[in-house]
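Pasted below: protein35.cif, mmCIF, C-alpha atoms and all ligand atoms.
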```
data_protein
#
loop_
_atom_site.group_PDB
_atom_site.id
_atom_site.type_symbol
_atom_site.label_atom_id
_atom_site.label_comp_id
_atom_site.auth_asym_id
_atom_site.auth_seq_id
_atom_site.Cartn_x
_atom_site.Cartn_y
_atom_site.Cartn_z
ATOM 1 C CA MET I 25 117.353 91.889 94.643
ATOM 2 C CA ARG I 26 117.691 94.663 97.227
ATOM 3 C CA LYS I 27 114.522 96.026 98.796
ATOM 4 C CA GLN I 28 112.940 98.818 96.763
ATOM 5 C CA ILE I 29 111.234 101.270 99.110
ATOM 6 C CA ALA I 30 108.825 104.173 98.659
ATOM 7 C CA ALA I 31 109.086 106.055 101.960
ATOM 8 C CA ALA I 32 106.784 108.978 102.718
ATOM 9 C CA ASN I 33 108.180 111.673 104.994
ATOM 10 C CA TRP I 34 105.204 113.698 106.153
ATOM 11 C CA LYS I 35 107.375 115.978 108.322
ATOM 12 C CA MET I 36 105.195 118.256 110.544
ATOM 13 C CA ASN I 37 102.125 118.170 108.312
ATOM 14 C CA LEU I 38 98.521 116.921 108.435
ATOM 15 C CA THR I 39 95.971 116.590 111.206
ATOM 16 C CA ILE I 40 95.159 113.055 112.322
ATOM 17 C CA GLN I 41 91.946 113.172 110.278
ATOM 18 C CA GLN I 42 93.830 114.215 107.139
ATOM 19 C CA ALA I 43 96.485 111.594 107.829
ATOM 20 C CA GLU I 44 93.972 108.780 108.209
ATOM 21 C CA THR I 45 92.157 109.823 105.035
ATOM 22 C CA LEU I 46 95.425 109.961 103.096
ATOM 23 C CA VAL I 47 96.491 106.460 104.151
ATOM 24 C CA SER I 48 93.004 105.005 103.593
ATOM 25 C CA ASP I 49 92.824 106.558 100.114
ATOM 26 C CA LEU I 50 96.249 105.183 99.255
ATOM 27 C CA LEU I 51 95.489 101.715 100.549
ATOM 28 C CA SER I 52 92.270 101.514 98.557
ATOM 29 C CA ALA I 53 94.441 101.290 95.421
ATOM 30 C CA SER I 54 96.164 97.991 94.744
ATOM 31 C CA PHE I 55 99.940 97.931 94.626
ATOM 32 C CA ASP I 56 102.257 95.148 93.641
ATOM 33 C CA LEU I 57 104.136 94.927 96.943
ATOM 34 C CA ASN I 58 106.245 92.007 98.145
ATOM 35 C CA GLN I 59 109.375 91.233 100.197
ATOM 36 C CA GLU I 60 111.354 93.410 97.822
ATOM 37 C CA ARG I 61 108.923 96.290 97.254
ATOM 38 C CA GLU I 62 107.851 98.108 100.390
ATOM 39 C CA VAL I 63 105.969 101.229 101.388
ATOM 40 C CA VAL I 64 106.898 103.104 104.570
ATOM 41 C CA PHE I 65 105.036 106.042 106.138
ATOM 42 C CA ALA I 66 107.247 108.234 108.320
ATOM 43 C CA VAL I 67 104.600 109.974 110.363
ATOM 44 C CA PRO I 68 104.607 112.384 113.319
ATOM 45 C CA PHE I 69 104.998 110.623 116.704
ATOM 46 C CA PRO I 70 101.367 111.103 117.861
ATOM 47 C CA TYR I 71 100.058 109.335 114.754
ATOM 48 C CA LEU I 72 102.250 106.227 114.821
ATOM 49 C CA VAL I 73 99.780 103.960 116.605
ATOM 50 C CA SER I 74 96.691 105.031 114.650
ATOM 51 C CA ILE I 75 98.452 104.680 111.304
ATOM 52 C CA GLN I 76 99.775 101.276 112.405
ATOM 53 C CA ASN I 77 96.179 100.269 113.111
ATOM 54 C CA ILE I 78 95.044 101.389 109.668
ATOM 55 C CA ILE I 79 97.805 99.472 107.872
ATOM 56 C CA ALA I 80 97.466 96.374 110.071
ATOM 57 C CA GLY I 81 97.176 93.301 107.870
ATOM 58 C CA LYS I 82 98.566 95.098 104.806
ATOM 59 C CA GLU I 83 101.725 93.250 103.975
ATOM 60 C CA HIS I 84 104.890 95.171 103.124
ATOM 61 C CA VAL I 85 103.501 98.464 104.388
ATOM 62 C CA SER I 86 104.950 99.865 107.597
ATOM 63 C CA VAL I 87 105.507 103.017 109.588
ATOM 64 C CA ALA I 88 108.641 104.908 110.544
ATOM 65 C CA ALA I 89 109.292 107.511 113.194
ATOM 66 C CA GLN I 90 110.922 110.698 111.937
ATOM 67 C CA ASN I 91 113.491 110.834 114.738
ATOM 68 C CA CYS I 92 114.493 109.423 118.103
ATOM 69 C CA TYR I 93 116.689 110.741 120.904
ATOM 70 C CA ASN I 94 120.359 109.927 121.376
ATOM 71 C CA LYS I 95 119.940 108.863 125.023
ATOM 72 C CA LEU I 96 118.370 105.664 126.309
ATOM 73 C CA SER I 97 115.906 107.146 128.823
ATOM 74 C CA GLY I 98 115.626 109.648 131.629
ATOM 75 C CA ALA I 99 115.026 113.330 132.299
ATOM 76 C CA TYR I 100 114.766 114.574 128.707
ATOM 77 C CA THR I 101 111.370 116.242 128.644
ATOM 78 C CA GLY I 102 109.725 116.170 125.249
ATOM 79 C CA GLU I 103 112.019 113.561 123.710
ATOM 80 C CA VAL I 104 111.153 110.084 122.401
ATOM 81 C CA SER I 105 113.480 107.114 122.853
ATOM 82 C CA ALA I 106 114.284 104.193 120.578
ATOM 83 C CA GLU I 107 112.984 101.862 123.285
ATOM 84 C CA MET I 108 109.584 103.615 123.256
ATOM 85 C CA LEU I 109 109.379 103.218 119.485
ATOM 86 C CA LYS I 110 110.343 99.573 119.750
ATOM 87 C CA SER I 111 107.740 99.010 122.459
ATOM 88 C CA ILE I 112 104.929 100.128 120.116
ATOM 89 C CA GLY I 113 106.261 97.999 117.252
ATOM 90 C CA VAL I 114 107.742 100.709 115.012
ATOM 91 C CA PRO I 115 110.272 99.077 112.657
ATOM 92 C CA TYR I 116 111.978 102.094 111.027
ATOM 93 C CA VAL I 117 113.239 105.490 112.156
ATOM 94 C CA ILE I 118 114.603 108.329 110.038
ATOM 95 C CA ILE I 119 117.966 109.407 111.427
ATOM 96 C CA GLY I 120 119.840 112.543 110.417
ATOM 97 C CA HIS I 121 117.357 114.237 108.108
ATOM 98 C CA SER I 122 118.940 117.472 106.885
ATOM 99 C CA GLU I 123 116.203 119.488 108.615
ATOM 100 C CA ARG I 124 117.198 117.897 111.932
ATOM 101 C CA ARG I 125 120.874 118.541 111.209
ATOM 102 C CA GLU I 126 120.149 122.181 110.374
ATOM 103 C CA TYR I 127 117.435 123.249 112.857
ATOM 104 C CA PHE I 128 118.272 120.951 115.773
ATOM 105 C CA ASN I 129 122.060 120.954 115.476
ATOM 106 C CA GLU I 130 122.347 117.230 114.963
ATOM 107 C CA THR I 131 126.012 116.574 114.272
ATOM 108 C CA ASN I 132 127.573 113.462 112.778
ATOM 109 C CA ALA I 133 128.659 112.516 116.327
ATOM 110 C CA VAL I 134 125.121 112.780 117.735
ATOM 111 C CA LEU I 135 123.842 110.706 114.813
ATOM 112 C CA ALA I 136 126.486 108.077 115.546
ATOM 113 C CA GLU I 137 124.967 107.722 119.036
ATOM 114 C CA LYS I 138 121.470 107.482 117.584
ATOM 115 C CA VAL I 139 122.308 104.689 115.123
ATOM 116 C CA SER I 140 123.996 102.704 117.912
ATOM 117 C CA ILE I 141 120.872 102.983 120.045
ATOM 118 C CA CYS I 142 118.703 101.973 117.062
ATOM 119 C CA PHE I 143 120.810 98.866 116.642
ATOM 120 C CA GLU I 144 120.506 98.095 120.355
ATOM 121 C CA TYR I 145 116.710 98.154 120.108
ATOM 122 C CA GLY I 146 116.400 96.470 116.719
ATOM 123 C CA LEU I 147 115.094 99.564 114.923
ATOM 124 C CA LYS I 148 116.120 100.011 111.301
ATOM 125 C CA PRO I 149 117.442 103.503 110.629
ATOM 126 C CA ILE I 150 116.743 105.289 107.377
ATOM 127 C CA PHE I 151 120.003 107.212 107.609
ATOM 128 C CA CYS I 152 120.006 110.476 105.645
ATOM 129 C CA CYS I 153 123.069 112.052 104.091
ATOM 130 C CA GLY I 154 123.597 114.709 101.452
ATOM 131 C CA GLU I 155 125.334 117.940 100.606
ATOM 132 C CA ALA I 156 124.370 121.614 100.596
ATOM 133 C CA LEU I 157 124.404 123.569 97.334
ATOM 134 C CA SER I 158 127.744 125.250 98.123
ATOM 135 C CA ILE I 159 129.378 121.836 98.474
ATOM 136 C CA ARG I 160 127.873 120.616 95.197
ATOM 137 C CA GLU I 161 129.091 123.816 93.493
ATOM 138 C CA ALA I 162 132.573 123.270 94.887
ATOM 139 C CA GLY I 163 132.501 119.719 93.516
ATOM 140 C CA THR I 164 133.279 118.141 96.909
ATOM 141 C CA GLN I 165 129.970 116.304 97.400
ATOM 142 C CA ASN I 166 131.508 112.827 97.278
ATOM 143 C CA SER I 167 133.970 113.439 100.102
ATOM 144 C CA HIS I 168 131.313 115.315 102.105
ATOM 145 C CA VAL I 169 128.874 112.402 101.989
ATOM 146 C CA GLU I 170 131.677 109.910 102.589
ATOM 147 C CA ASN I 171 132.593 111.818 105.735
ATOM 148 C CA GLN I 172 128.979 111.795 106.957
ATOM 149 C CA LEU I 173 128.924 107.999 106.571
ATOM 150 C CA LYS I 174 132.324 107.610 108.182
ATOM 151 C CA GLU I 175 131.578 109.747 111.246
ATOM 152 C CA SER I 176 128.075 108.411 111.892
ATOM 153 C CA LEU I 177 128.140 104.786 110.729
ATOM 154 C CA PHE I 178 131.653 103.400 110.593
ATOM 155 C CA HIS I 179 131.878 102.644 114.311
ATOM 156 C CA LEU I 180 129.305 99.918 113.590
ATOM 157 C CA THR I 181 130.144 96.419 112.444
ATOM 158 C CA GLU I 182 128.847 94.826 109.275
ATOM 159 C CA GLU I 183 126.334 92.863 111.359
ATOM 160 C CA HIS I 184 125.045 96.104 112.930
ATOM 161 C CA LEU I 185 124.519 97.673 109.524
ATOM 162 C CA THR I 186 122.527 94.802 108.068
ATOM 163 C CA GLY I 187 118.983 96.051 107.492
ATOM 164 C CA PHE I 188 119.929 99.729 107.538
ATOM 165 C CA VAL I 189 118.563 101.939 104.788
ATOM 166 C CA ILE I 190 120.462 104.968 103.496
ATOM 167 C CA ALA I 191 118.736 107.977 101.940
ATOM 168 C CA TYR I 192 120.831 110.289 99.782
ATOM 169 C CA GLU I 193 119.142 113.672 99.921
ATOM 170 C CA PRO I 194 120.972 116.603 98.346
ATOM 171 C CA ILE I 195 119.843 119.538 100.506
ATOM 172 C CA TRP I 196 119.491 121.812 97.468
ATOM 173 C CA ALA I 197 116.834 119.465 96.098
ATOM 174 C CA ILE I 198 114.702 119.081 99.244
ATOM 175 C CA GLY I 199 111.389 120.897 99.005
ATOM 176 C CA THR I 200 112.792 123.162 96.278
ATOM 177 C CA GLY I 201 111.285 121.528 93.228
ATOM 178 C CA LYS I 202 114.882 121.180 91.960
ATOM 179 C CA THR I 203 115.607 117.489 91.492
ATOM 180 C CA ALA I 204 119.039 115.999 91.029
ATOM 181 C CA THR I 205 119.315 114.561 87.557
ATOM 182 C CA SER I 206 119.073 110.803 87.434
ATOM 183 C CA GLU I 207 122.793 110.796 86.478
ATOM 184 C CA GLN I 208 123.696 112.856 89.568
ATOM 185 C CA ALA I 209 121.646 110.518 91.765
ATOM 186 C CA GLN I 210 123.159 107.393 90.224
ATOM 187 C CA GLU I 211 126.690 108.769 90.544
ATOM 188 C CA MET I 212 126.289 109.480 94.267
ATOM 189 C CA HIS I 213 124.475 106.218 94.996
ATOM 190 C CA ALA I 214 127.241 104.274 93.272
ATOM 191 C CA HIS I 215 129.787 106.248 95.290
ATOM 192 C CA ILE I 216 128.013 105.430 98.570
ATOM 193 C CA ARG I 217 127.939 101.765 97.618
ATOM 194 C CA LYS I 218 131.640 101.842 96.784
ATOM 195 C CA VAL I 219 132.448 103.469 100.131
ATOM 196 C CA LEU I 220 130.471 100.750 101.956
ATOM 197 C CA ALA I 221 132.168 98.008 99.929
ATOM 198 C CA THR I 222 135.614 99.402 100.777
ATOM 199 C CA GLN I 223 134.879 99.786 104.479
ATOM 200 C CA TYR I 224 132.870 96.561 104.870
ATOM 201 C CA SER I 225 132.238 94.179 101.963
ATOM 202 C CA GLU I 226 130.679 93.979 98.508
ATOM 203 C CA ALA I 227 127.985 91.772 100.018
ATOM 204 C CA LEU I 228 126.957 94.412 102.548
ATOM 205 C CA ALA I 229 127.173 97.236 99.996
ATOM 206 C CA ASN I 230 124.940 95.309 97.603
ATOM 207 C CA SER I 231 122.395 94.477 100.283
ATOM 208 C CA ILE I 232 121.744 98.026 101.532
ATOM 209 C CA SER I 233 118.836 99.905 99.977
ATOM 210 C CA ILE I 234 119.878 103.435 99.037
ATOM 211 C CA LEU I 235 116.914 105.771 98.519
ATOM 212 C CA TYR I 236 116.996 109.096 96.707
ATOM 213 C CA GLY I 237 115.245 112.099 98.264
ATOM 214 C CA GLY I 238 114.751 115.588 96.898
ATOM 215 C CA SER I 239 111.640 116.739 95.026
ATOM 216 C CA VAL I 240 110.659 113.262 93.858
ATOM 217 C CA LYS I 241 107.249 113.436 92.225
ATOM 218 C CA ALA I 242 104.995 111.335 90.038
ATOM 219 C CA ALA I 243 106.538 112.858 86.917
ATOM 220 C CA ASN I 244 110.184 111.995 87.715
ATOM 221 C CA ALA I 245 110.047 108.922 89.985
ATOM 222 C CA LYS I 246 110.284 106.281 87.259
ATOM 223 C CA GLU I 247 113.358 107.851 85.693
ATOM 224 C CA ILE I 248 115.178 108.279 89.033
ATOM 225 C CA PHE I 249 114.187 104.878 90.472
ATOM 226 C CA GLY I 250 115.237 103.260 87.207
ATOM 227 C CA GLN I 251 118.912 103.949 87.927
ATOM 228 C CA PRO I 252 120.777 100.774 88.907
ATOM 229 C CA ASP I 253 121.898 101.986 92.354
ATOM 230 C CA VAL I 254 118.702 103.851 93.267
ATOM 231 C CA ASP I 255 116.409 101.642 95.334
ATOM 232 C CA GLY I 256 113.396 103.917 95.652
ATOM 233 C CA GLY I 257 112.841 107.242 97.348
ATOM 234 C CA LEU I 258 112.293 109.212 100.527
ATOM 235 C CA VAL I 259 109.538 111.582 99.519
ATOM 236 C CA GLY I 260 108.374 114.731 101.302
ATOM 237 C CA GLY I 261 105.856 117.046 99.594
ATOM 238 C CA SER I 262 104.560 114.544 97.035
ATOM 239 C CA SER I 263 103.851 111.952 99.714
ATOM 240 C CA LEU I 264 101.075 114.190 101.070
ATOM 241 C CA ILE I 265 99.005 113.779 97.896
ATOM 242 C CA ALA I 266 97.500 110.304 97.429
ATOM 243 C CA THR I 267 97.402 110.451 93.615
ATOM 244 C CA GLU I 268 101.081 111.548 93.450
ATOM 245 C CA PHE I 269 102.371 109.051 95.989
ATOM 246 C CA SER I 270 100.527 106.134 94.397
ATOM 247 C CA VAL I 271 102.290 106.831 91.087
ATOM 248 C CA ILE I 272 105.574 107.017 93.017
ATOM 249 C CA ILE I 273 104.885 103.622 94.626
ATOM 250 C CA ASN I 274 104.121 102.174 91.198
ATOM 251 C CA SER I 275 107.421 103.567 89.897
ATOM 252 C CA LEU I 276 109.500 101.262 92.123
ATOM 253 C CA LYS I 277 111.625 98.780 90.189
HETATM 254 C C1 LIG R 301 112.355 114.943 102.429
HETATM 255 O O1 LIG R 301 111.734 115.546 103.260
HETATM 256 O O2 LIG R 301 113.064 114.003 102.798
HETATM 257 C C2 LIG R 301 112.230 115.329 101.018
HETATM 258 C C3 LIG R 301 112.980 114.734 100.145
HETATM 259 O O3 LIG R 301 111.320 116.325 100.728
HETATM 260 P P1 LIG R 301 110.770 116.727 99.257
HETATM 261 O O4 LIG R 301 110.375 115.443 98.583
HETATM 262 O O5 LIG R 301 109.604 117.624 99.527
HETATM 263 O O6 LIG R 301 111.888 117.402 98.538
#
```
Would it be possible to restate this file's structure as structure tokens?
Amino acid sequence: MRKQIAAANWKMNLTIQQAETLVSDLLSASFDLNQEREVVFAVPFPYLVSIQNIIAGKEHVSVAAQNCYNKLSGAYTGEVSAEMLKSIGVPYVIIGHSERREYFNETNAVLAEKVSICFEYGLKPIFCCGEALSIREAGTQNSHVENQLKESLFHLTEEHLTGFVIAYEPIWAIGTGKTATSEQAQEMHAHIRKVLATQYSEALANSISILYGGSVKAANAKEIFGQPDVDGGLVGGSSLIATEFSVIINSLK
């Protein structure tokens, strides 16, 4: 079975005290985690080490960075490199979140550089893709997402892509309370898998976890995660509330 993942994206929220309390509260509950059911906390850069310390010894729970820079090192004041993340033992990094694409002008080409650097340093990207409302209304979401994958991932080989995670996040559903229906999620996830199978192989397509993101909450997680091509979720708002996120974790297949 592919890995089922509940990934929390805290974005720019919480003080360190609130963050530590949230993770401690969550970890006091018992979850049925194993090689194929993981929890990931994508936390702000300054909290990575302290959250790693709190989860130390908890199997199948890890941290992610929310971004890294598209250059190896050098005079880029304020940026954080993949090598720095690797050096503190961070396994995952979110690449290409729609907020980064929109507010920080991250293009498909820039994201292509980032995923290459992640591969170089052995970091696993959680690569985000998804369409704006206007694209969904025009009915061109499949080709839009396909193009995002093509321009940012297809320079990589099958070996490079092994271990990558993809998050399909329709922009119109992020932070809006408007969730894609489970049918809409399944349809796009199946499309992404088909695109990967055509470009690479069925084996690779079937091995990649594809998460859904966009207003996932306790009340809808089970239904969305229950779709055959949905392998868990990337969760923003609801991951900041321990009682909500624990139900979401328990909704993994
Ligand atoms: C996200 O930030 O990736 C996200 C999906 O946010 P929300 O769950 O709040 O829609």
Task: Among the residues I:Ile40, I:Ala227, I:Cys153, I:Ile273, the one that comes closest to I:Val85 [using all atoms listed in the file] - done: I:Ile273
Task: Test item: residues no farther than 9 Å from ligand LIG 301 (chain R), counting all atoms listed in the file, as a VMD selection string - done: chain I and resid 31 to 35 121 to 123 152 191 193 to 203 236 to 241 257 to 263
List the residues matched by the PyMOL selection byres (((chain I and resi 245) around 10) and not hetatm) in the displayed structure as a compact mmCIF listing (two decimals) with C-alpha atoms, keeping the file's coordinate frame, ordered by chain and then by residue number.
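This went into part-v2.txt:
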```txt
# COMPACT_ATOMS: atom_id res chain seq x y z
CA ALA I 30 108.82 104.17 98.66
CA SER I 206 119.07 110.80 87.43
CA TYR I 236 117.00 109.10 96.71
CA SER I 239 111.64 116.74 95.03
CA VAL I 240 110.66 113.26 93.86
CA LYS I 241 107.25 113.44 92.22
CA ALA I 242 105.00 111.34 90.04
CA ALA I 243 106.54 112.86 86.92
CA ASN I 244 110.18 112.00 87.72
CA LYS I 246 110.28 106.28 87.26
CA GLU I 247 113.36 107.85 85.69
CA ILE I 248 115.18 108.28 89.03
CA PHE I 249 114.19 104.88 90.47
CA GLY I 250 115.24 103.26 87.21
CA GLY I 256 113.40 103.92 95.65
CA GLY I 257 112.84 107.24 97.35
CA VAL I 259 109.54 111.58 99.52
CA GLU I 268 101.08 111.55 93.45
CA PHE I 269 102.37 109.05 95.99
CA VAL I 271 102.29 106.83 91.09
CA ILE I 272 105.57 107.02 93.02
CA ILE I 273 104.88 103.62 94.63
CA ASN I 274 104.12 102.17 91.20
CA SER I 275 107.42 103.57 89.90
CA LEU I 276 109.50 101.26 92.12
```
Using the file's own x, y and z axes, what box holds all listed atoms of stretch 103-113 of chain I with 3 Å on each side, keeping edges along x, y and z, and what are its centre and edge lengths in Å to one decimal, as AutoDock Vina command-line options?
```
--center_x 109.6 --center_y 105.8 --center_z 120.5 --size_x 15.4 --size_y 21.6 --size_z 12.5
```
Task: Pick from I:Ala88, I:Gln251, I:Asp49, I:Glu175 nearest to I:Thr205, counting only C-alpha atoms - done: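 Selected residue with least distance to I:Thr205: I:Gln251.
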TODO: Using only C-alpha atoms, pick whichever of I:Phe178, I:Phe151, I:Tyr71, I:Phe143 has the shortest atom-to-atom distance to I:Ser233.
DONE: I:Phe151
